[in-house]
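All remarks here apply to the structure that follows.
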Number of protein chains: 6
Amino acid sequence: MPAPTPAARKTALVISAHSADFVWRAGGAIALHQRLGYEVTVVCLSYGERGESAKLWKQDSMTLDKVKAARRVEAENAAAALKLHDIRFFDLGDYPLDLGREAKDRMVDVIREVQPNWMMSHSRWDPYNTDHMNTTQFALETRMMAQAWGHNPGQKVLAAPQLYLFEPHQTEQMDWKPNVFLDITEVWDQKWAAIQCMQGQEHLWHFYENVAENRANHFRRNSGGQAGGRAAKYAEGFQAIFPQTVDELA
Amino acid sequence: MPAPTPAARKTALVISAHSADFVWRAGGAIALHQRLGYEVTVVCLSYGERGESAKLWKQDSMTLDKVKAARRVEAENAAAALKLHDIRFFDLGDYPLDLGREAKDRMVDVIREVQPNWMMSHSRWDPYNTDHMNTTQFALETRMMAQAWGHNPGQKVLAAPQLYLFEPHQTEQMDWKPNVFLDITEVWDQKWAAIQCMQGQEHLWHFYENVAENRANHFRRNSGGQAGGRAAKYAEGFQAIFPQTVDELA
Amino acid sequence: MPAPTPAARKTALVISAHSADFVWRAGGAIALHQRLGYEVTVVCLSYGERGESAKLWKQDSMTLDKVKAARRVEAENAAAALKLHDIRFFDLGDYPLDLGREAKDRMVDVIREVQPNWMMSHSRWDPYNTDHMNTTQFALETRMMAQAWGHNPGQKVLAAPQLYLFEPHQTEQMDWKPNVFLDITEVWDQKWAAIQCMQGQEHLWHFYENVAENRANHFRRNSGGQAGGRAAKYAEGFQAIFPQTVDELA
Amino acid sequence: MPAPTPAARKTALVISAHSADFVWRAGGAIALHQRLGYEVTVVCLSYGERGESAKLWKQDSMTLDKVKAARRVEAENAAAALKLHDIRFFDLGDYPLDLGREAKDRMVDVIREVQPNWMMSHSRWDPYNTDHMNTTQFALETRMMAQAWGHNPGQKVLAAPQLYLFEPHQTEQMDWKPNVFLDITEVWDQKWAAIQCMQGQEHLWHFYENVAENRANHFRRNSGGQAGGRAAKYAEGFQAIFPQTVDELA
Amino acid sequence: MPAPTPAARKTALVISAHSADFVWRAGGAIALHQRLGYEVTVVCLSYGERGESAKLWKQDSMTLDKVKAARRVEAENAAAALKLHDIRFFDLGDYPLDLGREAKDRMVDVIREVQPNWMMSHSRWDPYNTDHMNTTQFALETRMMAQAWGHNPGQKVLAAPQLYLFEPHQTEQMDWKPNVFLDITEVWDQKWAAIQCMQGQEHLWHFYENVAENRANHFRRNSGGQAGGRAAKYAEGFQAIFPQTVDELA
Amino acid sequence: MPAPTPAARKTALVISAHSADFVWRAGGAIALHQRLGYEVTVVCLSYGERGESAKLWKQDSMTLDKVKAARRVEAENAAAALKLHDIRFFDLGDYPLDLGREAKDRMVDVIREVQPNWMMSHSRWDPYNTDHMNTTQFALETRMMAQAWGHNPGQKVLAAPQLYLFEPHQTEQMDWKPNVFLDITEVWDQKWAAIQCMQGQEHLWHFYENVAENRANHFRRNSGGQAGGRAAKYAEGFQAIFPQTVDELA
């Protein structure tokens, strides 16, 4: 893969309900696109401090601030492993997230600053975790606001980037169906390193290793199978919400 | 658009229930891909002689053979306008199609001969026209047979081409939802010429002109809208059945 | 309700997989439309002799012919109670139905003879009873054939009658959702009499009485509730497959 | 069409997220029902001042108030062209709409004042424009509140008017499926005039002309096709949320 | 049915938008599980004082407080008939419910106190009654909060109880599909008594008697039909949101 | 797990399109239920000789009979590893299967002989492999025939066993959603041994190991997560087509 020319510089934005979601679900896409010359920004709406830090809370003398600090370090380490361009923490509280007007305006500012070529977030439905589906609604709403010429007139408005939905924990229960598979073999080492930064959720490491291997199987099957399929070893699946506009079918 | 190099030679296969379907629904994709260096083959399972030739049957002394001959001429003229590489007529009868084992084996032979980079057919459901949805089932079944190493061993087996579902007449009634839009502006003249070959269905010409214009609006909206969208004037929409396998999200 | 004028004479066609289906699911619609001046024809594809006659088969010395004869009498009695214009028995065998080309051509002949203002059949999906969903597919296919100008040229082709799907036994399991409710209060006595003709399935009588009462509740709720709803006491629900074309919203 | 008698006086209510939505999506239904003797009221929740006024914002020295004023004039002109009975502007802000309790109570007051025979609003889902789908949720919620006997006791409660979902910009992406088509041929001139009032969105004029022509094709196809279909030239499609309650199938 | 041993003591929690919902939709399940040794708690988010008390509001000199008091008495009487362990009234107002952060925290406290083996609430979608679908969203959100180790650390967190959706008034319109049927024959007398406590909604008594009878028919059909089905006379249907985890298929 | 008493003896029936499907998708359920005292029968409709034996066909001098023989040995070895009660080979040909009336009658004979407590087959939809979805249709049709009192009168008719759909290769593409997870930890060694019998498809071994591990994660999540979930290490997921009929919610 040749080094990208300056002209090819692109950006992407991932909106993550809690501070670890982007690692399991999109770590490969992030690392790969950084390597392809993208500047990827991740916004963590919360640290998952209340709902996704069971291991920490089982320790003595734990406090909300300590949990947040620990989760932030993990996320920053993972970001470094993925060579992530930028990570921001909105600290909106979790279980549930507080996604009011102030949070929306702040998110729009980031979207406009980043001007992403594509965006990424959670599934449309998640009965286990309403933070996830509320984040997707929030992503759609703020994407729309960022497209409005009358929102902070004078700022550069957003075009129409794709919103990819990354893979939830139990795909079928979340009504999620992938229509894009991405070969992440060459950046797997980075994703695996990032996953290992998630000290508080070690029980999920192997799960997402398996997911990556099996999505690679799907990649191979969909790219030709035994009659010419790409020999991907690790892959990620995504559901694109918006249709593509293309010049050639492939 | 530069002339394709020999190495870029590719093929595509469109399975059309009746002899005019490929014109309305995929004429732009066909002409464009021919120009891109593809060799596109269309298989018309029937002439639509019984069910889609009302205008001819209203003439005096009409016979089934005369209808078939007239429909064949129209389809061949349209194929010429689209600079189609090859068109074949299976003459299986229509309303309903006879899609038995013999037809399946014959179809598999063509699929293997063509070795298409992508295939195209009708929607999954069509309460107005069961020939259409039966053709899609037939396309899936024969695609699968063509992938079987034990079907006529020694022949080259099929890889895993995408099956695009082209646009039906009333999209929502057919549970059809496009996830790909193709800009056909540069070949619109050809599609329009092909459409005009359909003398027996002049009442549909303007309808599909409108469809092409409006899908171009969708193309513009999905490729950036007023903030950078491609100025497509004519487009076609397709629903890809199988997920993509990509190296970069776009 | 005034007596219909001769000019208002209309026809309808109900395609019933087994000989009792039309009673439970559409008896009210049939009786009401006969009273409204329609000539309603029912085609029973089978007698339900193998699969829906358990009570008869438990008798000694029962034979297939005896079951068919008994079921035919029940259906004819029910038809008389509903003042049905015409009932035909295709005797295609049941569990499973044999719906080959010959059956299709025969069905098309009836459709063209009747020229129905509307048609009616089963739900799209029925995991308990594949005869039911195959009948719906058969109804759509033969409706399409009857519209073909090249099918027996010279006969009057069919226009575009609505296909209503009548209520299956377990609506939610069959993916059936009503979009039309019909007040059958004034013909309930007839439907109840027809139901009682079904001596072999007495265990279903009360079930469909309840259905009729509860659909009337839905009728009332949807026609205004406590603030003006029609005081229907018995109703039937239907799912119209095709959209309406209207001059005024109501 | 005869002049309606006084007794036939009816009302309708259209809830439009932004001030132009009612024109593109329901202008024909509005003009036609005015002609049929209805008094139609449109509530514009916002002017679309931030999100749907790109052309205005590109002018020098533009302000929010100027945009609102310009959009209001356009909407009032369109209302006049459609001979609309009444139009109200809630000015709730757009992108996103502020649909809190105060807005709900205000909306309920209008619903009860109008006592509509039918209501109309947006699609259930719209990933491009969350204002649209939030408006539909708002319409359902306020319709329910208006039916409550304990909401402002003493006021006349609402019965059970249909809620029609008018056509969104990209039907399939919004999970919208029409089940009613309305022939608007005789009021097309008015709708076309109203469309031309939308000076800021001239790029959409032809799009919705095409939509109207093609829905007319669907009208013709569903009302009989070449074997008797109504020769509609312009039509609109709607999705009725609630089932119908009828006395006769048609 | 043997008396449960102390070790078998279990709990369940039903979240009801208005104070009568639990009776019509889950009265049998409640009475049966009380008899099976469960302690069932019902939380009524409102009395349905504004929207579901039409009969009361038609009386002279009625006030909101009087309606609430009357509705509370009815609900308490029904609870007694069902031998309900506990009933709580959140009094959040209805049409619409006010489901803000305070209500959520209060609900989580109850969930944690009860530690239910299973939970129960409304359908995912209800276009007639947005209180119902908002309650389901609220149930999912508070279930998630109750599972968070960081929510009131030190409290016992919730495990993963099933959320059953009980039967709405018009199942198909609410996208509700049962996957569990419960035989309530032995407690029917109690449910019937509880139903009769609902003096203000006598028009619904018979409707839900019919529902119970017909769901029993579905119980019989799904448990073996004429070849061995359980002879249930009354049943209730539920849709389980989450998959089961089992040791043996049955 | 105690040894089952003779009275607890039960049976199950798995209908597998090709001779390896039952191993990947249901091997754990089979081994576990054998251990629970069930007698499980597997019917392989074909050997997958044409379509699922690529590795064999790449060998020199391969013939259809040799492929079938090799595939049969693999399946029999897998059956032995699972301690399967009985395996039958219908040899109907594959890619496509020939599922005519004769095959149906033969299948009904087996169903009636086995009298299964539950049945198992493929997903409802599979665009990659129409043999799979046609097998499901075939399973539903023959289950229905086996319930018919008039089919071979005198034989014992089938009751109403559940039909479980086992996990397809790409769940989301097949519209498959599990509602039951089964803990197969204690029989994993057997399933793993059976998998290794599939010499011709070694590329799938690890894939299904991963599936089993990840479904165990889902098992843990759905049975209580970190707050009490069962520590399953391997699991299988199934979609039950028919609702359950129960005496107690769990």
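To be explicit about the labels: the chains of the structure tokens are called A, B, and onward in the order shown, and within each one the residues are counted from 1, while ligands get numbers from 1 in the order they are shown.
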Check your understanding: In stretch 1-219 of chain F, what's helix (DSSP H, G or I) per DSSP? Answer as a ChimeraX atom specification?
Key -> /F:6-8,21-35,54-57,64-81,101-114,130-146,172-174,185-196,199-219
Dump as a Markdown table the rows for residues of chain B within 7 Å of chain F: closest atom pair and distance in Å with one decimal, only C-alpha atoms counted, ordered by chain and rising residue number.
```
| residue | atom | partner | partner_atom | distance |
| --- | --- | --- | --- | --- |
| B:Leu140 | CA | F:Pro127 | CA | 6.2 |
| B:Glu141 | CA | F:Thr130 | CA | 5.6 |
| B:Met144 | CA | F:Asn129 | CA | 6.1 |
| B:Met145 | CA | F:Tyr95 | CA | 5.1 |
| B:Ala148 | CA | F:Gly51 | CA | 4.0 |
| B:Trp149 | CA | F:Ala54 | CA | 5.3 |
| B:Gly150 | CA | F:Arg50 | CA | 3.7 |
| B:His151 | CA | F:Arg50 | CA | 5.7 |
```
Please produce a file of the residues just selected, as a short mmCIF file (atom, residue, chain, number, x, y, z; two decimals), in the first residue's frame, where the atoms kept are all heavy atoms.
```
data_model
loop_
_atom_site.label_atom_id
_atom_site.label_comp_id
_atom_site.auth_asym_id
_atom_site.auth_seq_id
_atom_site.Cartn_x
_atom_site.Cartn_y
_atom_site.Cartn_z
N LEU B 140 -30.76 -16.78 -8.24
CA LEU B 140 -30.01 -17.22 -7.06
C LEU B 140 -29.69 -18.71 -7.13
O LEU B 140 -28.59 -19.15 -6.79
CB LEU B 140 -30.81 -16.92 -5.77
CG LEU B 140 -30.88 -15.46 -5.37
CD1 LEU B 140 -31.90 -15.27 -4.25
CD2 LEU B 140 -29.52 -14.94 -4.93
N GLU B 141 -30.68 -19.47 -7.59
CA GLU B 141 -30.47 -20.92 -7.64
C GLU B 141 -29.40 -21.29 -8.67
O GLU B 141 -28.53 -22.12 -8.40
CB GLU B 141 -31.80 -21.61 -7.97
CG GLU B 141 -31.75 -23.12 -7.81
CD GLU B 141 -32.99 -23.65 -7.09
OE1 GLU B 141 -34.11 -23.17 -7.37
OE2 GLU B 141 -32.84 -24.53 -6.21
N MET B 144 -25.91 -20.36 -7.59
CA MET B 144 -25.40 -21.36 -6.65
C MET B 144 -24.92 -22.62 -7.39
O MET B 144 -23.85 -23.17 -7.09
CB MET B 144 -26.52 -21.74 -5.67
CG MET B 144 -26.18 -22.90 -4.75
SD MET B 144 -27.65 -23.47 -3.81
CE MET B 144 -28.47 -24.48 -5.07
N MET B 145 -25.71 -23.06 -8.37
CA MET B 145 -25.32 -24.26 -9.13
C MET B 145 -24.00 -24.02 -9.87
O MET B 145 -23.15 -24.91 -9.96
CB MET B 145 -26.42 -24.64 -10.13
CG MET B 145 -27.71 -25.12 -9.49
SD MET B 145 -29.10 -25.22 -10.68
CE MET B 145 -28.53 -26.60 -11.72
N ALA B 148 -20.92 -24.71 -7.97
CA ALA B 148 -20.70 -26.08 -7.48
C ALA B 148 -19.60 -26.77 -8.29
O ALA B 148 -19.72 -26.93 -9.50
CB ALA B 148 -22.00 -26.88 -7.56
N TRP B 149 -18.55 -27.21 -7.59
CA TRP B 149 -17.45 -27.91 -8.27
C TRP B 149 -17.91 -29.21 -8.90
O TRP B 149 -17.30 -29.68 -9.87
CB TRP B 149 -16.32 -28.16 -7.28
CG TRP B 149 -15.58 -26.91 -6.95
CD1 TRP B 149 -15.99 -25.89 -6.14
CD2 TRP B 149 -14.30 -26.51 -7.46
NE1 TRP B 149 -15.07 -24.88 -6.11
CE2 TRP B 149 -14.00 -25.24 -6.90
CE3 TRP B 149 -13.36 -27.10 -8.32
CZ2 TRP B 149 -12.82 -24.55 -7.19
CZ3 TRP B 149 -12.19 -26.41 -8.60
CH2 TRP B 149 -11.92 -25.15 -8.04
N GLY B 150 -18.95 -29.80 -8.40
CA GLY B 150 -19.42 -31.08 -8.93
C GLY B 150 -20.44 -30.95 -10.05
O GLY B 150 -20.93 -31.95 -10.56
N HIS B 151 -20.78 -29.72 -10.43
CA HIS B 151 -21.68 -29.52 -11.56
C HIS B 151 -20.80 -29.45 -12.81
O HIS B 151 -20.00 -28.52 -12.96
CB HIS B 151 -22.49 -28.25 -11.38
CG HIS B 151 -23.45 -27.98 -12.51
ND1 HIS B 151 -24.74 -28.47 -12.52
CD2 HIS B 151 -23.29 -27.33 -13.68
CE1 HIS B 151 -25.34 -28.09 -13.64
NE2 HIS B 151 -24.46 -27.41 -14.36
#
```
Practice item. Tell me, as a ChimeraX atom specification, which residues lie within 9 Å of stretch 176-189 of chain B, counting only C-alpha atoms; anything in the same chain fewer than 5 positions away does not count. Key: /A:240-249 /B:27-29,31-32,35,82,123-125,165-168,170-171,194,212,215-216,218-219,222,230,232-240 /D:171-173,175
Check your understanding: Got a sec: who's within 10 Å of D:Leu97, counting only C-alpha atoms, leaving out chain neighbours fewer than 5 positions off, as a ChimeraX atom specification?
Key -> /D:17-18,45-46,48,91-92,130-132,134-135
Create the file for the chosen residues now, containing C-alpha atoms and written as a short mmCIF file (atom, residue, chain, number, x, y, z; two decimals), in the first residue's frame.
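Just written: part.cif:
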```
data_model
loop_
_atom_site.label_atom_id
_atom_site.label_comp_id
_atom_site.auth_asym_id
_atom_site.auth_seq_id
_atom_site.Cartn_x
_atom_site.Cartn_y
_atom_site.Cartn_z
CA ALA D 17 -42.03 20.02 10.20
CA HIS D 18 -40.82 22.87 8.03
CA LEU D 45 -43.75 23.69 13.26
CA SER D 46 -40.85 25.76 11.95
CA GLY D 48 -37.04 25.46 8.09
CA ASP D 91 -41.91 28.93 15.10
CA LEU D 92 -40.38 26.18 17.26
CA THR D 130 -34.69 13.59 12.25
CA ASP D 131 -37.01 16.61 12.41
CA HIS D 132 -39.30 14.71 10.08
CA ASN D 134 -39.77 13.45 15.36
CA THR D 135 -42.70 15.36 13.89
#
```
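Taking only stretch 84-235 of chain D, the residues that DSSP calls strand (DSSP E or B) from the backbone come to Asp86, Ile87, Arg88, Phe89, Trp118, Met119, Met120, Ser121, Pro153, Gln155, Gln162, Leu163, Tyr164, Leu165, Phe166, Val180, Phe181, Leu182, Asp183 and Ala235 of chain D.
The space between atom CA of D:Thr136 and atom CA of D:Ser121 spans 5.9 Å.
Put simply, atom CA of D:Ala20 is 24.9 Å away from atom CA of A:Pro161.
Picture a line from atom CA of D:Val42 to atom CA of D:Cys197; it runs 16.3 Å.
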